[in-house]
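With mmCIF, N, CA and C atoms inside, this is run.cif:
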data_final
loop_
_atom_site.label_atom_id
_atom_site.label_comp_id
_atom_site.auth_asym_id
_atom_site.auth_seq_id
_atom_site.Cartn_x
_atom_site.Cartn_y
_atom_site.Cartn_z
N MET A 8 -27.38 10.10 -2.42
CA MET A 8 -27.59 11.53 -2.34
C MET A 8 -27.96 12.03 -3.73
N LYS A 9 -28.99 12.81 -3.79
CA LYS A 9 -29.42 13.36 -5.07
C LYS A 9 -28.65 14.64 -5.35
N THR A 10 -28.05 14.72 -6.52
CA THR A 10 -27.31 15.93 -6.88
C THR A 10 -28.26 16.91 -7.55
N PRO A 11 -28.12 18.19 -7.24
CA PRO A 11 -28.99 19.18 -7.88
C PRO A 11 -28.72 19.25 -9.38
N GLU A 12 -29.75 19.59 -10.13
CA GLU A 12 -29.61 19.66 -11.58
C GLU A 12 -28.74 20.84 -12.00
N ASN A 13 -28.92 21.97 -11.34
CA ASN A 13 -28.16 23.17 -11.69
C ASN A 13 -27.44 23.65 -10.44
N VAL A 14 -26.20 23.26 -10.28
CA VAL A 14 -25.44 23.59 -9.07
C VAL A 14 -25.09 25.07 -9.04
N GLU A 15 -24.75 25.61 -10.18
CA GLU A 15 -24.40 27.04 -10.22
C GLU A 15 -25.56 27.90 -9.76
N ALA A 16 -26.76 27.51 -10.12
CA ALA A 16 -27.94 28.26 -9.66
C ALA A 16 -28.06 28.17 -8.14
N LEU A 17 -27.72 27.03 -7.59
CA LEU A 17 -27.76 26.86 -6.13
C LEU A 17 -26.78 27.81 -5.46
N TRP A 18 -25.55 27.89 -6.01
CA TRP A 18 -24.56 28.81 -5.42
C TRP A 18 -25.02 30.26 -5.58
N ASP A 19 -25.60 30.58 -6.74
CA ASP A 19 -26.12 31.94 -6.94
C ASP A 19 -27.22 32.25 -5.94
N ASP A 20 -28.09 31.29 -5.68
CA ASP A 20 -29.15 31.50 -4.68
C ASP A 20 -28.56 31.74 -3.30
N LEU A 21 -27.51 31.00 -2.98
CA LEU A 21 -26.85 31.22 -1.68
C LEU A 21 -26.24 32.61 -1.60
N ASP A 22 -25.61 33.06 -2.69
CA ASP A 22 -25.04 34.41 -2.71
C ASP A 22 -26.14 35.46 -2.54
N ASN A 23 -27.26 35.28 -3.26
CA ASN A 23 -28.38 36.23 -3.14
C ASN A 23 -28.93 36.25 -1.72
N MET A 24 -29.07 35.06 -1.13
CA MET A 24 -29.59 34.99 0.23
C MET A 24 -28.65 35.69 1.20
N GLN A 25 -27.34 35.50 1.01
CA GLN A 25 -26.39 36.17 1.89
C GLN A 25 -26.45 37.69 1.73
N SER A 26 -26.57 38.16 0.49
CA SER A 26 -26.64 39.61 0.29
C SER A 26 -27.91 40.18 0.90
N GLN A 27 -29.03 39.46 0.80
CA GLN A 27 -30.27 39.92 1.43
C GLN A 27 -30.14 39.92 2.95
N MET A 28 -29.44 38.90 3.48
CA MET A 28 -29.24 38.86 4.93
C MET A 28 -28.35 40.01 5.38
N ARG A 29 -27.36 40.36 4.58
CA ARG A 29 -26.48 41.48 4.93
C ARG A 29 -27.28 42.79 5.00
N ILE A 30 -28.22 42.96 4.04
CA ILE A 30 -29.05 44.17 4.05
C ILE A 30 -29.88 44.21 5.33
N GLY A 31 -30.43 43.04 5.70
CA GLY A 31 -31.22 42.98 6.93
C GLY A 31 -30.39 43.21 8.17
N ILE A 32 -29.16 42.71 8.15
CA ILE A 32 -28.29 42.86 9.31
C ILE A 32 -27.88 44.32 9.49
N THR A 33 -27.61 45.00 8.38
CA THR A 33 -27.20 46.42 8.50
C THR A 33 -28.33 47.28 9.02
N ALA A 34 -29.56 46.86 8.81
CA ALA A 34 -30.70 47.64 9.29
C ALA A 34 -30.94 47.47 10.78
N LEU A 35 -30.33 46.47 11.40
CA LEU A 35 -30.51 46.23 12.83
C LEU A 35 -29.77 47.26 13.66
N PRO A 36 -30.27 47.53 14.86
CA PRO A 36 -29.52 48.43 15.76
C PRO A 36 -28.27 47.72 16.28
N PRO A 37 -27.26 48.47 16.67
CA PRO A 37 -26.03 47.84 17.17
C PRO A 37 -26.32 46.97 18.40
N SER A 38 -25.83 45.74 18.35
CA SER A 38 -26.00 44.81 19.47
C SER A 38 -25.01 43.66 19.29
N LYS A 39 -24.96 42.80 20.32
CA LYS A 39 -24.09 41.64 20.24
C LYS A 39 -24.59 40.67 19.17
N ALA A 40 -25.90 40.59 19.01
CA ALA A 40 -26.47 39.71 18.00
C ALA A 40 -26.08 40.19 16.60
N LYS A 41 -26.08 41.50 16.38
CA LYS A 41 -25.69 42.04 15.08
C LYS A 41 -24.22 41.73 14.81
N ASP A 42 -23.36 41.89 15.84
CA ASP A 42 -21.93 41.57 15.67
C ASP A 42 -21.75 40.09 15.35
N LEU A 43 -22.50 39.23 16.03
CA LEU A 43 -22.42 37.80 15.79
C LEU A 43 -22.85 37.46 14.36
N MET A 44 -23.93 38.08 13.89
CA MET A 44 -24.40 37.82 12.52
C MET A 44 -23.39 38.34 11.49
N ASN A 45 -22.77 39.48 11.77
CA ASN A 45 -21.74 40.00 10.85
C ASN A 45 -20.55 39.04 10.77
N ARG A 46 -20.12 38.51 11.94
CA ARG A 46 -19.01 37.56 11.92
C ARG A 46 -19.40 36.27 11.20
N LEU A 47 -20.64 35.85 11.40
CA LEU A 47 -21.13 34.66 10.71
C LEU A 47 -21.10 34.86 9.19
N MET A 48 -21.51 36.01 8.74
CA MET A 48 -21.51 36.28 7.30
C MET A 48 -20.08 36.37 6.77
N GLU A 49 -19.16 36.91 7.57
CA GLU A 49 -17.77 36.98 7.15
C GLU A 49 -17.17 35.58 6.96
N VAL A 50 -17.60 34.63 7.80
CA VAL A 50 -17.12 33.27 7.69
C VAL A 50 -17.83 32.53 6.56
N ALA A 51 -19.13 32.79 6.40
CA ALA A 51 -19.92 32.04 5.43
C ALA A 51 -19.58 32.43 3.99
N GLN A 52 -19.26 33.67 3.74
CA GLN A 52 -18.99 34.12 2.38
C GLN A 52 -17.83 33.37 1.73
N PRO A 53 -16.67 33.24 2.39
CA PRO A 53 -15.59 32.46 1.75
C PRO A 53 -15.93 30.97 1.62
N LEU A 54 -16.73 30.46 2.55
CA LEU A 54 -17.10 29.05 2.47
C LEU A 54 -17.91 28.76 1.21
N VAL A 55 -18.81 29.67 0.87
CA VAL A 55 -19.60 29.48 -0.35
C VAL A 55 -18.70 29.52 -1.57
N GLY A 56 -17.71 30.41 -1.56
CA GLY A 56 -16.75 30.46 -2.67
C GLY A 56 -15.95 29.17 -2.78
N LYS A 57 -15.53 28.63 -1.63
CA LYS A 57 -14.79 27.37 -1.64
C LYS A 57 -15.67 26.23 -2.12
N MET A 58 -16.92 26.21 -1.70
CA MET A 58 -17.84 25.16 -2.14
C MET A 58 -18.06 25.23 -3.64
N ARG A 59 -18.09 26.43 -4.17
CA ARG A 59 -18.29 26.60 -5.60
C ARG A 59 -17.18 25.92 -6.40
N THR A 60 -15.96 25.99 -5.90
CA THR A 60 -14.84 25.35 -6.61
C THR A 60 -14.65 23.89 -6.20
N ALA A 61 -14.93 23.55 -4.94
CA ALA A 61 -14.67 22.18 -4.47
C ALA A 61 -15.77 21.20 -4.86
N TYR A 62 -16.98 21.67 -5.07
CA TYR A 62 -18.09 20.77 -5.37
C TYR A 62 -17.86 19.97 -6.65
N PRO A 63 -17.47 20.60 -7.77
CA PRO A 63 -17.23 19.79 -8.98
C PRO A 63 -16.11 18.77 -8.79
N GLU A 64 -15.07 19.15 -8.06
CA GLU A 64 -13.98 18.21 -7.80
C GLU A 64 -14.48 17.02 -6.97
N ALA A 65 -15.30 17.30 -5.98
CA ALA A 65 -15.84 16.23 -5.13
C ALA A 65 -16.75 15.31 -5.94
N ILE A 66 -17.56 15.87 -6.81
CA ILE A 66 -18.46 15.05 -7.64
C ILE A 66 -17.64 14.18 -8.59
N ASP A 67 -16.57 14.75 -9.18
CA ASP A 67 -15.71 13.96 -10.07
C ASP A 67 -15.06 12.81 -9.31
N ALA A 68 -14.56 13.10 -8.11
CA ALA A 68 -13.92 12.04 -7.31
C ALA A 68 -14.95 10.98 -6.92
N PHE A 69 -16.15 11.40 -6.58
CA PHE A 69 -17.21 10.45 -6.22
C PHE A 69 -17.56 9.56 -7.41
N GLU A 70 -17.70 10.15 -8.58
CA GLU A 70 -18.05 9.37 -9.77
C GLU A 70 -16.93 8.40 -10.13
N LYS A 71 -15.68 8.82 -9.98
CA LYS A 71 -14.55 7.93 -10.25
C LYS A 71 -14.56 6.75 -9.29
N GLN A 72 -14.78 7.04 -8.01
CA GLN A 72 -14.81 5.98 -7.01
C GLN A 72 -16.01 5.05 -7.24
N HIS A 73 -17.11 5.61 -7.66
CA HIS A 73 -18.30 4.81 -7.95
C HIS A 73 -18.04 3.88 -9.14
N ALA A 74 -17.35 4.38 -10.15
CA ALA A 74 -17.01 3.55 -11.31
C ALA A 74 -16.07 2.41 -10.92
N GLU A 75 -15.08 2.70 -10.07
CA GLU A 75 -14.17 1.66 -9.60
C GLU A 75 -14.92 0.60 -8.80
N LEU A 76 -15.85 1.04 -7.98
CA LEU A 76 -16.66 0.11 -7.19
C LEU A 76 -17.52 -0.77 -8.10
N GLU A 77 -18.07 -0.18 -9.13
CA GLU A 77 -18.88 -0.97 -10.07
C GLU A 77 -18.02 -2.02 -10.78
N GLU A 78 -16.79 -1.65 -11.14
CA GLU A 78 -15.88 -2.62 -11.77
C GLU A 78 -15.61 -3.79 -10.82
N LYS A 79 -15.34 -3.48 -9.56
CA LYS A 79 -15.08 -4.53 -8.58
C LYS A 79 -16.31 -5.40 -8.38
N LEU A 80 -17.48 -4.79 -8.35
CA LEU A 80 -18.71 -5.56 -8.21
C LEU A 80 -18.94 -6.47 -9.42
N ASP A 81 -18.64 -5.96 -10.61
CA ASP A 81 -18.78 -6.80 -11.81
C ASP A 81 -17.83 -8.00 -11.75
N ARG A 82 -16.58 -7.75 -11.32
CA ARG A 82 -15.63 -8.87 -11.19
C ARG A 82 -16.13 -9.88 -10.15
N ALA A 83 -16.67 -9.37 -9.05
CA ALA A 83 -17.18 -10.27 -8.01
C ALA A 83 -18.37 -11.08 -8.54
N ARG A 84 -19.24 -10.43 -9.30
CA ARG A 84 -20.38 -11.16 -9.88
C ARG A 84 -19.91 -12.24 -10.85
N GLN A 85 -18.89 -11.91 -11.65
CA GLN A 85 -18.34 -12.90 -12.58
C GLN A 85 -17.73 -14.08 -11.82
N ASN A 86 -17.00 -13.78 -10.75
CA ASN A 86 -16.40 -14.85 -9.95
C ASN A 86 -17.47 -15.72 -9.30
N ILE A 87 -18.54 -15.11 -8.84
CA ILE A 87 -19.63 -15.88 -8.25
C ILE A 87 -20.29 -16.75 -9.30
N ALA A 88 -20.47 -16.22 -10.49
CA ALA A 88 -21.07 -17.02 -11.57
C ALA A 88 -20.17 -18.21 -11.92
N LYS A 89 -18.85 -17.97 -11.98
CA LYS A 89 -17.92 -19.07 -12.25
C LYS A 89 -17.97 -20.11 -11.14
N ALA A 90 -18.03 -19.66 -9.90
CA ALA A 90 -18.08 -20.59 -8.78
C ALA A 90 -19.36 -21.41 -8.82
N LYS A 91 -20.48 -20.78 -9.15
CA LYS A 91 -21.74 -21.52 -9.25
C LYS A 91 -21.67 -22.54 -10.38
N GLU A 92 -21.05 -22.15 -11.49
CA GLU A 92 -20.90 -23.08 -12.61
C GLU A 92 -20.01 -24.26 -12.21
N ASN A 93 -18.91 -23.96 -11.51
CA ASN A 93 -18.02 -25.04 -11.05
C ASN A 93 -18.74 -25.97 -10.08
N LEU A 94 -19.54 -25.40 -9.19
CA LEU A 94 -20.28 -26.23 -8.24
C LEU A 94 -21.33 -27.08 -8.94
N ALA A 95 -21.90 -26.55 -10.01
CA ALA A 95 -22.91 -27.32 -10.74
C ALA A 95 -22.28 -28.50 -11.46
N ASN A 96 -21.01 -28.41 -11.82
CA ASN A 96 -20.34 -29.47 -12.55
C ASN A 96 -19.61 -30.47 -11.65
N VAL A 97 -19.70 -30.31 -10.34
CA VAL A 97 -19.01 -31.21 -9.42
C VAL A 97 -19.74 -32.55 -9.40
N PRO A 98 -18.98 -33.64 -9.52
CA PRO A 98 -19.63 -34.96 -9.47
C PRO A 98 -20.11 -35.26 -8.05
N PRO A 99 -20.95 -36.26 -7.90
CA PRO A 99 -21.45 -36.60 -6.56
C PRO A 99 -20.32 -37.05 -5.64
N VAL A 100 -20.56 -36.96 -4.34
CA VAL A 100 -19.55 -37.26 -3.34
C VAL A 100 -19.09 -38.71 -3.45
N GLU A 101 -20.03 -39.61 -3.69
CA GLU A 101 -19.67 -41.03 -3.78
C GLU A 101 -18.66 -41.27 -4.91
N GLU A 102 -18.87 -40.61 -6.03
CA GLU A 102 -17.96 -40.78 -7.16
C GLU A 102 -16.58 -40.22 -6.85
N ILE A 103 -16.54 -39.09 -6.16
CA ILE A 103 -15.25 -38.48 -5.79
C ILE A 103 -14.50 -39.42 -4.86
N ARG A 104 -15.19 -39.95 -3.86
CA ARG A 104 -14.54 -40.87 -2.93
C ARG A 104 -14.05 -42.12 -3.64
N LYS A 105 -14.86 -42.61 -4.57
CA LYS A 105 -14.49 -43.82 -5.30
C LYS A 105 -13.24 -43.57 -6.13
N ASN A 106 -13.10 -42.40 -6.72
CA ASN A 106 -11.97 -42.12 -7.59
C ASN A 106 -10.71 -41.72 -6.83
N LEU A 107 -10.85 -41.15 -5.64
CA LEU A 107 -9.68 -40.67 -4.91
C LEU A 107 -9.04 -41.73 -4.04
N VAL A 108 -9.83 -42.45 -3.28
CA VAL A 108 -9.28 -43.39 -2.30
C VAL A 108 -9.72 -44.80 -2.68
N PRO A 109 -8.76 -45.71 -2.90
CA PRO A 109 -9.18 -47.08 -3.19
C PRO A 109 -9.82 -47.70 -1.95
N LEU A 110 -10.71 -48.58 -2.16
CA LEU A 110 -11.39 -49.22 -1.05
C LEU A 110 -10.40 -50.05 -0.25
N ALA A 111 -10.60 -50.11 1.06
CA ALA A 111 -9.67 -50.84 1.93
C ALA A 111 -9.66 -52.33 1.60
N VAL A 112 -10.74 -52.85 1.12
CA VAL A 112 -10.79 -54.28 0.80
C VAL A 112 -9.88 -54.57 -0.39
N ALA A 113 -9.72 -53.61 -1.31
CA ALA A 113 -8.94 -53.84 -2.51
C ALA A 113 -7.43 -53.71 -2.27
N LEU A 114 -7.01 -53.21 -1.13
CA LEU A 114 -5.58 -53.07 -0.84
C LEU A 114 -4.97 -54.45 -0.56
N PRO A 115 -3.74 -54.67 -1.01
CA PRO A 115 -3.07 -55.93 -0.66
C PRO A 115 -2.87 -56.01 0.85
N SER A 116 -2.79 -57.19 1.38
CA SER A 116 -2.76 -57.38 2.82
C SER A 116 -1.53 -56.77 3.48
N GLY A 117 -0.37 -56.81 2.84
CA GLY A 117 0.85 -56.29 3.46
C GLY A 117 1.15 -54.84 3.15
N LEU A 118 0.28 -54.17 2.39
CA LEU A 118 0.59 -52.81 1.96
C LEU A 118 0.56 -51.83 3.13
N SER A 119 -0.39 -51.97 4.01
CA SER A 119 -0.46 -51.02 5.12
C SER A 119 0.73 -51.18 6.06
N LEU A 120 1.20 -52.40 6.28
CA LEU A 120 2.39 -52.60 7.11
C LEU A 120 3.63 -52.03 6.43
N GLN A 121 3.71 -52.21 5.11
CA GLN A 121 4.84 -51.67 4.35
C GLN A 121 4.85 -50.14 4.44
N PHE A 122 3.67 -49.56 4.32
CA PHE A 122 3.56 -48.10 4.41
C PHE A 122 3.97 -47.63 5.81
N ALA A 123 3.50 -48.32 6.83
CA ALA A 123 3.85 -47.93 8.21
C ALA A 123 5.36 -48.04 8.42
N ASP A 124 5.98 -49.12 7.91
CA ASP A 124 7.43 -49.26 8.06
C ASP A 124 8.17 -48.14 7.33
N GLU A 125 7.71 -47.81 6.14
CA GLU A 125 8.37 -46.74 5.39
C GLU A 125 8.25 -45.40 6.10
N MET A 126 7.08 -45.11 6.64
CA MET A 126 6.90 -43.85 7.38
C MET A 126 7.77 -43.84 8.64
N ARG A 127 7.86 -44.98 9.30
CA ARG A 127 8.65 -45.06 10.52
C ARG A 127 10.13 -44.82 10.21
N THR A 128 10.65 -45.42 9.15
CA THR A 128 12.06 -45.24 8.83
C THR A 128 12.34 -43.84 8.30
N ARG A 129 11.36 -43.24 7.69
CA ARG A 129 11.57 -41.93 7.08
C ARG A 129 11.45 -40.79 8.09
N TYR A 130 10.49 -40.89 9.05
CA TYR A 130 10.19 -39.74 9.90
C TYR A 130 10.45 -39.95 11.39
N VAL A 131 10.53 -41.17 11.86
CA VAL A 131 10.76 -41.38 13.29
C VAL A 131 12.27 -41.41 13.53
N PRO A 132 12.76 -40.64 14.52
CA PRO A 132 14.20 -40.65 14.77
C PRO A 132 14.65 -42.01 15.29
N PRO A 133 15.88 -42.36 15.03
CA PRO A 133 16.36 -43.66 15.50
C PRO A 133 16.43 -43.71 17.02
N ALA A 134 16.29 -44.89 17.55
CA ALA A 134 16.35 -45.06 19.01
C ALA A 134 17.77 -44.78 19.47
N PRO A 135 17.92 -44.27 20.68
CA PRO A 135 19.28 -43.98 21.18
C PRO A 135 20.07 -45.26 21.39
N ASP A 136 21.38 -45.14 21.17
CA ASP A 136 22.27 -46.29 21.34
C ASP A 136 22.57 -46.43 22.83
N LEU A 137 22.17 -47.56 23.40
CA LEU A 137 22.34 -47.74 24.84
C LEU A 137 23.78 -48.06 25.22
N THR A 138 24.60 -48.41 24.25
CA THR A 138 26.00 -48.72 24.57
C THR A 138 26.83 -47.48 24.81
N LEU A 139 26.37 -46.32 24.36
CA LEU A 139 27.12 -45.08 24.58
C LEU A 139 26.86 -44.57 25.97
N ASP A 140 27.89 -44.00 26.57
CA ASP A 140 27.75 -43.42 27.90
C ASP A 140 27.40 -41.95 27.74
N ASP A 141 26.19 -41.56 28.15
CA ASP A 141 25.78 -40.16 28.05
C ASP A 141 25.86 -39.45 29.39
N GLY A 142 26.61 -39.97 30.29
CA GLY A 142 26.72 -39.36 31.62
C GLY A 142 27.45 -38.04 31.57
N PRO A 143 27.47 -37.35 32.70
CA PRO A 143 28.11 -36.03 32.73
C PRO A 143 29.61 -36.07 32.47
N GLY A 144 30.26 -37.18 32.75
CA GLY A 144 31.71 -37.25 32.52
C GLY A 144 32.08 -37.62 31.10
N ALA A 145 31.11 -37.93 30.27
CA ALA A 145 31.42 -38.40 28.91
C ALA A 145 31.21 -37.32 27.85
N ALA A 146 31.01 -36.09 28.23
CA ALA A 146 30.74 -35.03 27.27
C ALA A 146 31.94 -34.74 26.39
N TRP A 147 33.16 -35.00 26.89
CA TRP A 147 34.35 -34.74 26.09
C TRP A 147 34.39 -35.61 24.86
N GLN A 148 33.71 -36.75 24.88
CA GLN A 148 33.73 -37.65 23.74
C GLN A 148 33.05 -37.05 22.52
N ASP A 149 32.10 -36.16 22.76
CA ASP A 149 31.42 -35.52 21.62
C ASP A 149 32.38 -34.67 20.80
N TRP A 150 33.46 -34.20 21.43
CA TRP A 150 34.38 -33.30 20.74
C TRP A 150 35.66 -33.99 20.31
N SER A 151 35.75 -35.27 20.51
CA SER A 151 37.00 -35.96 20.17
C SER A 151 37.09 -36.17 18.67
N ILE A 152 38.29 -36.45 18.18
CA ILE A 152 38.53 -36.66 16.76
C ILE A 152 38.64 -38.16 16.49
N SER A 153 37.70 -38.91 16.77
CA SER A 153 37.81 -40.34 16.54
C SER A 153 37.06 -40.76 15.32
#
Translate this file's structure into structure tokens.
Amino acid sequence: MKTPENVEALWDDLDNMQSQMRIGITALPPSKAKDLMNRLMEVAQPLVGKMRTAYPEAIDAFEKQHAELEEKLDRARQNIAKAKENLANVPPVEEIRKNLVPLAVALPSGLSLQFADEMRTRYVPPAPDLTLDDGPGAAWQDWSIS
């Protein structure tokens, strides 16, 4: 939105236009249209006064918000530049794979079984003991002091 160069002149022009309209309205013969125009002018006059005071406040708030938006955009541009720089310095995929995961051929033969056993003992619950009686009549044993 383009802001006028001289806002006070704009408000003065509106005041002049309203006063000229009032002169024209008073010259009209009495009618419903004249009453409607008089009521319109009664409503419009305070609105112009409010606009005269509210417009600078609105422009200040707009400029403040615009400055905050520009700061956020600058930060976003900087973050994008950093991300592009980081992406430019990333090594090729083959090198990453080579450095992160050893090749399966280079692993000792029993290592995968050892790993599986360790995971099984660490995370798999133990098998239930078949010697215990879990029937409906044996529930009292859970609460015994043995």
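The space between atom C of A:Arg59 and atom CA of A:Met44 spans 23.5 Å.
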First collect every listed atom of stretch 49-56 of chain A; then fit an axis-aligned box around them, widen it by 6 Å on each side, and give centre and edge lengths in Å to one decimal, as AutoDock Vina command-line options.
--center_x -17.8 --center_y 32.9 --center_z 2.5 --size_x 16.3 --size_y 20.2 --size_z 22.6
Report the closest atom pair, with its distance in Å rounded to one decimal, for each residue of stretch 52-110 of chain A that has an atom no farther than 9 Å from stretch 18-37 of chain A; count only C-alpha atoms, sort by chain and then rising residue number, and write it as CSV.
residue,atom,partner,partner_atom,distance
A:Gln52,CA,A:Gln25,CA,7.7
A:Val55,CA,A:Trp18,CA,7.1
A:Gly56,CA,A:Trp18,CA,8.4
A:Met58,CA,A:Trp18,CA,8.3
A:Arg59,CA,A:Trp18,CA,6.7
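Taking atom CA of A:Ala65 and atom N of A:Glu15 as the two end points, the separation is 13.9 Å.
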At what distance in Å, to one decimal, does atom CA of A:Lys89 lie from atom C of A:Glu102?
21.9 Å
Write out as an MDAnalysis selection string all residues of chain A that DSSP puts in alpha helix (DSSP H) for this structure's backbone.
chainID A and resid 14:34 39:95 100:107 118:130
